[in-house]
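Peer 1: My file is start-v7.cif. It has mmCIF, C-alpha atoms and all ligand atoms:
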data_protein
#
loop_
_atom_site.label_atom_id
_atom_site.label_comp_id
_atom_site.auth_asym_id
_atom_site.auth_seq_id
_atom_site.Cartn_x
_atom_site.Cartn_y
_atom_site.Cartn_z
CA MET A 1 53.96 106.87 17.61
CA THR A 2 55.47 104.07 15.47
CA ALA A 3 57.43 105.19 12.40
CA THR A 4 56.17 103.78 9.10
CA LEU A 5 58.17 100.68 8.23
CA THR A 6 59.72 100.23 4.80
CA GLU A 7 60.40 97.18 2.68
CA ALA A 8 64.11 98.06 2.42
CA ALA A 9 64.59 98.56 6.16
CA THR A 10 62.98 95.21 7.03
CA SER A 11 64.45 93.14 4.16
CA ARG A 12 66.44 90.01 5.20
CA PHE A 13 67.85 86.84 3.59
CA MET A 14 68.45 83.38 5.03
CA ARG A 15 69.93 80.19 3.60
CA ILE A 16 67.64 77.28 4.40
CA SER A 17 68.38 73.55 4.44
CA GLU A 18 65.19 71.63 5.09
CA GLY A 19 64.81 68.12 3.63
CA ASP A 20 65.21 68.47 -0.14
CA ILE A 21 65.30 72.30 0.06
CA ASP A 22 68.66 74.05 -0.02
CA ALA A 23 67.91 77.62 -1.03
CA GLN A 24 68.09 81.28 -0.14
CA ILE A 25 64.87 82.80 1.13
CA HIS A 26 63.96 86.46 1.31
CA TYR A 27 61.76 87.72 4.12
CA ASN A 28 60.84 90.95 5.86
CA ASP A 29 61.19 91.11 9.64
CA ALA A 30 59.56 93.94 11.59
CA GLY A 31 58.84 94.60 15.26
CA GLU A 32 60.13 92.96 18.41
CA GLY A 33 57.12 91.47 20.16
CA ALA A 34 57.19 88.27 22.23
CA GLU A 35 54.63 86.76 19.84
CA THR A 36 55.26 86.50 16.09
CA VAL A 37 52.78 86.71 13.23
CA VAL A 38 53.95 85.16 9.95
CA MET A 39 52.21 86.45 6.82
CA LEU A 40 52.20 84.29 3.68
CA HIS A 41 51.44 85.84 0.28
CA GLY A 42 49.37 84.61 -2.67
CA SER A 43 50.50 83.05 -5.92
CA GLY A 44 49.95 85.86 -8.44
CA PRO A 45 52.80 87.03 -10.70
CA GLY A 46 54.81 89.70 -8.88
CA ALA A 47 53.32 88.86 -5.46
CA SER A 48 55.49 89.13 -2.33
CA GLY A 49 54.94 89.40 1.39
CA TRP A 50 55.37 93.16 1.19
CA ALA A 51 53.14 93.59 -1.90
CA ASN A 52 50.33 91.62 -0.26
CA PHE A 53 50.57 92.95 3.31
CA HIS A 54 51.94 96.50 3.12
CA ARG A 55 48.65 97.85 4.52
CA ASN A 56 48.84 95.54 7.53
CA VAL A 57 52.42 95.36 8.82
CA ASP A 58 52.41 98.69 10.68
CA ALA A 59 49.21 97.93 12.62
CA PHE A 60 50.50 94.55 13.81
CA VAL A 61 53.89 95.96 14.84
CA ALA A 62 52.17 98.87 16.63
CA ALA A 63 50.04 96.30 18.52
CA GLY A 64 53.24 94.67 19.82
CA TYR A 65 53.83 91.75 17.45
CA ARG A 66 56.93 90.75 15.56
CA VAL A 67 55.88 90.34 11.92
CA VAL A 68 57.68 88.04 9.48
CA LEU A 69 56.69 88.16 5.80
CA MET A 70 58.14 85.14 3.99
CA ASP A 71 58.59 85.27 0.23
CA CYS A 72 57.98 81.73 -0.99
CA LEU A 73 60.47 80.00 -3.27
CA GLY A 74 59.67 81.17 -6.78
CA TRP A 75 58.56 84.69 -5.76
CA SER A 76 60.23 88.05 -5.31
CA LYS A 77 63.82 87.93 -4.02
CA SER A 78 63.68 84.26 -2.94
CA ASP A 79 65.41 81.59 -5.04
CA PRO A 80 63.71 80.14 -8.13
CA VAL A 81 62.06 76.74 -8.14
CA VAL A 82 60.11 74.46 -10.47
CA CYS A 83 57.52 72.75 -8.28
CA THR A 84 56.31 69.41 -9.59
CA GLY A 85 54.56 68.25 -6.39
CA SER A 86 52.41 70.02 -3.81
CA ARG A 87 53.31 73.69 -3.66
CA SER A 88 51.43 74.00 -0.38
CA ASP A 89 53.79 71.40 1.15
CA LEU A 90 56.86 73.01 -0.43
CA ASN A 91 55.93 76.36 1.14
CA ALA A 92 55.22 74.66 4.48
CA ARG A 93 58.66 73.01 4.48
CA THR A 94 60.28 76.31 3.55
CA LEU A 95 58.48 78.02 6.43
CA LYS A 96 59.70 75.35 8.84
CA GLY A 97 63.28 75.98 7.70
CA LEU A 98 62.86 79.73 8.16
CA LEU A 99 61.30 79.39 11.64
CA ASP A 100 64.05 76.98 12.72
CA GLY A 101 66.64 79.49 11.49
CA LEU A 102 64.92 82.31 13.38
CA LYS A 103 64.56 80.05 16.46
CA LEU A 104 60.82 80.62 16.60
CA ASP A 105 59.02 77.65 18.17
CA LYS A 106 55.46 78.82 17.75
CA VAL A 107 53.85 81.50 15.53
CA HIS A 108 50.47 82.75 14.40
CA ILE A 109 50.00 82.51 10.62
CA VAL A 110 48.02 84.83 8.35
CA GLY A 111 47.74 83.31 4.87
CA ASN A 112 46.41 84.97 1.73
CA SER A 113 45.13 82.58 -0.98
CA MET A 114 48.13 80.29 -1.71
CA GLY A 115 49.39 81.53 1.68
CA GLY A 116 46.23 80.08 3.24
CA HIS A 117 46.77 76.75 1.47
CA SER A 118 50.36 76.76 2.77
CA ALA A 119 49.34 77.73 6.32
CA VAL A 120 46.99 74.71 6.46
CA ALA A 121 49.77 72.43 5.14
CA PHE A 122 52.13 73.82 7.80
CA ALA A 123 49.56 73.32 10.59
CA LEU A 124 48.99 69.70 9.50
CA ALA A 125 52.73 68.92 9.40
CA ASN A 126 53.74 70.94 12.50
CA PRO A 127 50.71 71.09 14.82
CA ALA A 128 52.68 72.17 17.90
CA ARG A 129 54.16 75.19 16.13
CA VAL A 130 50.96 77.08 15.34
CA GLY A 131 49.22 79.45 17.74
CA LYS A 132 46.28 80.73 15.68
CA LEU A 133 45.46 80.65 11.97
CA VAL A 134 43.93 83.38 9.82
CA LEU A 135 42.95 82.16 6.34
CA MET A 136 41.88 84.65 3.69
CA GLY A 137 40.64 83.46 0.34
CA GLY A 138 42.59 80.22 0.71
CA GLY A 139 43.14 76.99 2.65
CA THR A 140 42.14 74.39 0.04
CA GLY A 141 39.09 72.84 1.58
CA GLY A 142 38.31 71.42 -1.88
CA PRO A 143 36.75 72.70 -5.10
CA SER A 144 33.79 75.07 -5.21
CA GLN A 145 30.42 73.34 -5.51
CA PHE A 146 28.88 76.30 -7.33
CA VAL A 147 31.49 78.05 -9.47
CA PRO A 148 33.23 76.42 -12.46
CA MET A 149 36.89 75.66 -11.74
CA PRO A 150 39.39 76.98 -12.60
CA THR A 151 37.70 80.26 -11.81
CA GLU A 152 37.74 83.34 -13.97
CA GLY A 153 40.44 84.91 -11.74
CA ILE A 154 42.72 81.84 -11.78
CA LYS A 155 42.44 81.67 -15.60
CA LEU A 156 43.52 85.33 -15.80
CA LEU A 157 46.36 84.69 -13.34
CA GLN A 158 47.68 81.77 -15.40
CA GLY A 159 47.29 83.83 -18.60
CA LEU A 160 49.36 86.60 -17.03
CA TYR A 161 52.14 84.13 -16.17
CA ARG A 162 52.16 82.99 -19.80
CA GLU A 163 52.01 86.54 -21.26
CA PRO A 164 53.24 89.05 -18.68
CA THR A 165 51.98 92.29 -20.23
CA ILE A 166 50.53 95.39 -18.60
CA GLU A 167 47.21 94.69 -20.39
CA ASN A 168 46.97 91.20 -18.90
CA LEU A 169 48.04 92.52 -15.50
CA LYS A 170 45.24 95.09 -15.53
CA LYS A 171 42.72 92.42 -16.61
CA MET A 172 43.74 90.24 -13.65
CA MET A 173 43.82 93.03 -11.09
CA ASN A 174 40.43 94.35 -12.17
CA VAL A 175 38.98 90.98 -11.22
CA PHE A 176 41.05 90.84 -8.04
CA VAL A 177 39.17 93.56 -6.21
CA PHE A 178 35.49 94.51 -5.91
CA ASP A 179 36.09 98.18 -6.62
CA ALA A 180 38.53 98.47 -9.51
CA SER A 181 38.54 102.27 -9.17
CA SER A 182 40.74 101.76 -6.07
CA LEU A 183 43.56 100.48 -8.30
CA THR A 184 46.07 103.19 -9.19
CA GLU A 185 48.55 103.42 -12.06
CA GLU A 186 51.26 103.45 -9.36
CA LEU A 187 50.04 100.10 -8.02
CA PHE A 188 49.90 98.56 -11.52
CA GLN A 189 53.42 99.82 -12.24
CA ALA A 190 54.84 98.49 -8.96
CA ARG A 191 53.29 95.10 -9.63
CA LEU A 192 54.55 95.09 -13.24
CA ASP A 193 58.08 95.97 -12.08
CA ASN A 194 58.01 93.15 -9.50
CA MET A 195 56.82 90.71 -12.15
CA LEU A 196 59.30 91.62 -14.85
CA ALA A 197 62.23 91.78 -12.43
CA ARG A 198 62.07 87.97 -12.18
CA ARG A 199 61.24 86.42 -15.56
CA ASP A 200 62.74 83.18 -14.23
CA HIS A 201 59.96 83.00 -11.62
CA LEU A 202 57.32 83.55 -14.32
CA ASP A 203 58.78 80.84 -16.58
CA ASN A 204 59.14 78.42 -13.67
CA PHE A 205 55.50 78.86 -12.63
CA VAL A 206 54.41 77.95 -16.17
CA LYS A 207 56.75 74.91 -16.17
CA SER A 208 55.43 73.86 -12.74
CA LEU A 209 51.83 74.03 -13.95
CA ALA A 210 52.70 71.97 -17.04
CA ALA A 211 54.37 69.31 -14.86
CA ASN A 212 51.58 69.30 -12.27
CA PRO A 213 48.38 71.27 -12.91
CA LYS A 214 47.20 70.53 -9.34
CA GLN A 215 49.75 72.59 -7.41
CA PHE A 216 47.45 72.95 -4.38
CA PRO A 217 45.93 69.57 -3.52
CA ASP A 218 42.63 69.34 -1.63
CA GLN A 219 43.39 69.22 2.11
CA GLY A 220 39.67 68.91 2.97
CA PRO A 221 39.80 65.34 4.32
CA ARG A 222 42.44 66.34 6.92
CA LEU A 223 40.98 69.67 8.10
CA GLY A 224 39.47 67.96 11.19
CA GLU A 225 43.01 67.36 12.48
CA ILE A 226 43.47 71.11 13.05
CA PRO A 227 42.47 72.06 16.61
CA VAL A 228 43.87 75.61 16.84
CA PRO A 229 41.55 78.64 16.70
CA ALA A 230 41.10 79.70 13.08
CA LEU A 231 39.57 82.85 11.63
CA VAL A 232 38.45 82.43 8.03
CA ILE A 233 38.03 85.73 6.16
CA TRP A 234 36.51 85.97 2.70
CA GLY A 235 35.31 88.53 0.19
CA ARG A 236 31.72 87.94 -0.93
CA ASP A 237 32.81 88.96 -4.42
CA ASP A 238 35.93 86.77 -4.62
CA ARG A 239 36.31 85.70 -8.28
CA PHE A 240 39.54 83.73 -7.67
CA VAL A 241 38.66 81.36 -4.82
CA PRO A 242 34.88 81.33 -4.29
CA LEU A 243 33.21 81.94 -0.96
CA ASP A 244 31.82 78.42 -0.56
CA THR A 245 35.37 77.00 -0.34
CA GLY A 246 35.72 79.15 2.80
CA LEU A 247 32.58 77.61 4.26
CA ARG A 248 34.13 74.18 3.77
CA LEU A 249 37.08 75.28 5.91
CA VAL A 250 34.78 76.32 8.75
CA TRP A 251 32.90 73.06 8.36
CA GLY A 252 36.08 71.00 8.47
CA MET A 253 38.25 72.56 11.18
CA GLN A 254 37.57 71.94 14.85
CA ASN A 255 37.61 75.54 16.05
CA ALA A 256 36.94 77.94 13.18
CA GLU A 257 34.80 81.02 12.68
CA MET A 258 34.22 83.11 9.57
CA HIS A 259 33.84 86.75 8.59
CA ILE A 260 32.52 87.69 5.14
CA PHE A 261 33.09 91.21 3.79
CA ASN A 262 30.65 92.41 1.16
CA ARG A 263 31.99 94.70 -1.58
CA CYS A 264 35.23 92.73 -1.37
CA GLY A 265 37.18 90.60 -3.84
CA HIS A 266 40.20 88.35 -3.31
CA TRP A 267 42.29 90.84 -1.32
CA ALA A 268 40.38 91.49 1.94
CA GLN A 269 43.54 92.57 3.77
CA TRP A 270 43.99 95.38 1.23
CA GLU A 271 40.42 96.37 0.31
CA HIS A 272 39.25 96.46 3.94
CA ALA A 273 42.62 96.98 5.61
CA ASP A 274 41.55 98.93 8.71
CA LYS A 275 38.72 96.61 9.68
CA PHE A 276 40.81 93.58 8.74
CA ASN A 277 43.64 94.74 11.01
CA ARG A 278 41.31 95.45 13.95
CA MET A 279 39.48 92.14 13.57
CA VAL A 280 42.60 89.98 13.28
CA LEU A 281 44.34 91.76 16.18
CA ASP A 282 41.25 91.20 18.35
CA PHE A 283 41.15 87.52 17.33
CA LEU A 284 44.84 87.06 18.17
CA ALA A 285 44.52 88.78 21.54
CA HIS A 286 41.50 86.87 22.95
O1 LIG A 301 45.25 78.83 -7.20
C1 LIG A 301 44.89 79.08 -6.04
O2 LIG A 301 44.08 78.39 -5.42
C2 LIG A 301 45.52 80.26 -5.32
C3 LIG A 301 45.50 81.51 -6.11
C4 LIG A 301 46.27 82.59 -5.44
O3 LIG A 301 47.05 82.37 -4.54
C5 LIG A 301 46.12 83.92 -5.95
C6 LIG A 301 46.64 84.95 -5.24
C7 LIG A 301 46.91 86.18 -5.77
C8 LIG A 301 47.46 87.18 -4.99
O4 LIG A 301 47.15 87.34 -3.72
C9 LIG A 301 48.41 88.13 -5.52
O5 LIG A 301 48.80 87.95 -6.67
O6 LIG A 301 48.76 89.07 -4.82
#
Please re-express this file's structure in structure tokens.
Peer 2:
Amino acid sequence: MTATLTEAATSRFMRISEGDIDAQIHYNDAGEGAETVVMLHGSGPGASGWANFHRNVDAFVAAGYRVVLMDCLGWSKSDPVVCTGSRSDLNARTLKGLLDGLKLDKVHIVGNSMGGHSAVAFALANPARVGKLVLMGGGTGGPSQFVPMPTEGIKLLQGLYREPTIENLKKMMNVFVFDASSLTEELFQARLDNMLARRDHLDNFVKSLAANPKQFPDQGPRLGEIPVPALVIWGRDDRFVPLDTGLRLVWGMQNAEMHIFNRCGHWAQWEHADKFNRMVLDFLAH
């Protein structure tokens, strides 16, 4: 039986020099498999690889994968940044620097929300380095055709960056998931602690938005360049990035399929962790 992994035991740092990036990156590294799965977190205040994927790491390591959770610049224990261009491209360049440092030629990528946007940017810039893609609630196939943008969830997220209070955090997280009764005081507190530990990250996100409100440009016109197998996973009740933007990804990519969970918000990997883990592991293996 595999022992439960901890954030502290898997925590690592690396200095990265990649183009205009010269920064220290934090990541978690677990397992020793021949194939590696990189997991990329979303853009909420206090997000991190571990916060987003703590219900998934064990299952992937137990299935024989090495799992790397990269904390993007501007989140968690990675260096601060003000991003005035495409944050998807910035994250993709950072990931390239990390993979070069780890001497990993090819990886599978699981991206949550902003992580999905960044995974698509990485696949477009480094096509030979991606095995399979799993995109959950993200990928930037363009704006929703049905839901006013920015969505209710994104407005709450930006409000929380501007005023990082427990009240605003609860408002955002209640919209995050389908079943808000699954959110515990312990989870709120952990997220609040993460957020307030790095006020510089919060301030920098607000400055980045002021400099460039379109941090995640539409990659829709280039989706057809992506040939690798892609599994698109969405929550029917996603109030951050609406379901129809997921359909556009399946429409655009050469080799994509989609699974929609009902009774599921923006965090499928957490709300439906067991089924998510089984489905993604099956997709990676076949
Ligand atoms: O603005 C977008 O399109 C992306 C929004 C996003 O990444 C939100 C993610 C939130 C989390 O996953 C989180 O805070 O844990």
Peer 1: Could you check the closest approach to ligand LIG 301 (chain A) for each of A:His286, A:Arg191, A:His26, A:Lys103 and tell me which residue wins, using only C-alpha atoms and all ligand atoms?
Peer 2: A:Arg191
Peer 1: Give me, as a ChimeraX atom specification, the set of residues whose atoms come within 9 Å of any atom of ligand LIG 301 (chain A), counting all atoms listed in the file.
Peer 2: /A:41-49,51-52,112-117,137-140,150-151,153-154,157,172-173,176,191,214-216,240-241,266-267
Peer 1: Which residue, A:Leu73, A:Glu186, A:Ser144, A:Leu196, has the smallest gap to Thr165 of chain A when you use only C-alpha atoms?
Peer 2: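 Of A:Leu73, A:Glu186, A:Ser144, A:Leu196, the one nearest Thr165 of chain A, counting only C-alpha atoms, is A:Leu196.
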Peer 1: With distances taken over all atoms listed in the file, which of A:Val61, A:Ala8, A:Ala230, A:Leu98 is nearest to Leu135 of chain A?
Peer 2: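 Smallest distance to Leu135 of chain A is found for A:Ala230.
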Peer 1: Using all atoms listed in the file, determine which residues lie at most 6 Å from segment 207-211 of chain A, disregarding the query and same-chain residues fewer than 3 positions distant; provide the list as a list in words.
Peer 2: Val82, Cys83, Thr84 and Asn204 of chain A
Peer 1: Hey, could you pull the box centre and edge lengths for segment 209-212 of chain A, axis-aligned, 4 Å padding per side, all listed atoms, to one decimal in Å, as JSON?
Peer 2:
{"center_x": 53.0, "center_y": 71.7, "center_z": -14.7, "size_x": 10.8, "size_y": 12.7, "size_z": 12.8}
Peer 1: Applying 9 Å and only C-alpha atoms, which residues near segment 233-238 of chain A remain after dropping the ones on its own chain fewer than 3 positions away? List them as a compact mmCIF listing (two decimals) with C-alpha atoms, in the frame of the given file.
Peer 2:
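Listing of around.txt after writing:
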# COMPACT_ATOMS: atom_id res chain seq x y z
CA VAL A 134 43.93 83.38 9.82
CA LEU A 135 42.95 82.16 6.34
CA MET A 136 41.88 84.65 3.69
CA GLY A 137 40.64 83.46 0.34
CA GLY A 138 42.59 80.22 0.71
CA GLY A 153 40.44 84.91 -11.74
CA VAL A 175 38.98 90.98 -11.22
CA PHE A 176 41.05 90.84 -8.04
CA VAL A 177 39.17 93.56 -6.21
CA PHE A 178 35.49 94.51 -5.91
CA VAL A 241 38.66 81.36 -4.82
CA PRO A 242 34.88 81.33 -4.29
CA LEU A 243 33.21 81.94 -0.96
CA GLY A 246 35.72 79.15 2.80
CA GLU A 257 34.80 81.02 12.68
CA MET A 258 34.22 83.11 9.57
CA HIS A 259 33.84 86.75 8.59
CA ILE A 260 32.52 87.69 5.14
CA PHE A 261 33.09 91.21 3.79
CA ASN A 262 30.65 92.41 1.16
CA ARG A 263 31.99 94.70 -1.58
CA CYS A 264 35.23 92.73 -1.37
CA GLY A 265 37.18 90.60 -3.84
CA HIS A 266 40.20 88.35 -3.31
CA TRP A 267 42.29 90.84 -1.32
CA ALA A 268 40.38 91.49 1.94
CA PHE A 276 40.81 93.58 8.74
Peer 1: Kindly indicate which residue among A:Gly142, A:Gly31, A:Pro164, A:Gly159 lies nearest to Arg199 of chain A, using only C-alpha atoms for the distances.
Peer 2: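 For Arg199 of chain A, the nearest of the candidates is A:Pro164.
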Peer 1: Find the spatial neighbours of Gly97 of chain A, counting only C-alpha atoms, within a cut-off of 8 Å - ignore same-chain residues fewer than 4 positions away - and output them as a ChimeraX atom specification.
Peer 2: /A:16-18,93,101
Peer 1: Between atom CA of Val67 of chain A and atom CA of Glu271 of chain A, measure the distance and give it in Å to one decimal.
Peer 2: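 Atom-to-atom, atom CA of Val67 of chain A and atom CA of Glu271 of chain A are spaced 20.3 Å apart.
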Peer 1: What does the distance between atom CA of Phe60 of chain A and atom CA of Ala23 of chain A come to in Å, to one decimal place?
Peer 2: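 Atom CA of Ala23 of chain A lies 28.5 Å from atom CA of Phe60 of chain A.
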Peer 1: Ranking A:Asp71, A:Asp193, A:Asp203, A:Asp79 by minimum distance to Tyr161 of chain A and counting all atoms listed in the file, which one comes first?
Peer 2: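 Counting all atoms listed in the file, the residue closest to Tyr161 of chain A is A:Asp203.
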Peer 1: Quick one: residues within 10 Å of Arg222 of chain A, all atoms listed in the file counted, chain neighbours fewer than 2 positions away excluded, as a list in words?
Peer 2: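 That gives Val120, Ala121, Leu124, Gly141, Asp218, Gln219, Gly220, Gly224, Glu225, Ile226, Gly252 and Met253 of chain A.
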Peer 1: Do you have the atom CA of Lys171 of chain A-atom CA of Gln189 of chain A distance handy?
Peer 2: 13.7 Å
Peer 1: List as a list of chain:residue names the protein and nucleic acid residues near Asp274 of chain A, meaning an atom at most 12 Å away when all atoms listed in the file are counted, but skip any in the same chain fewer than 5 places from it.
Peer 2: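 The residues that qualify are A:Arg55, A:Asn56, A:Val57, A:Asp58, A:Ala59, A:Phe60, A:Ala268, A:Gln269, A:Met279, A:Val280, A:Leu281.
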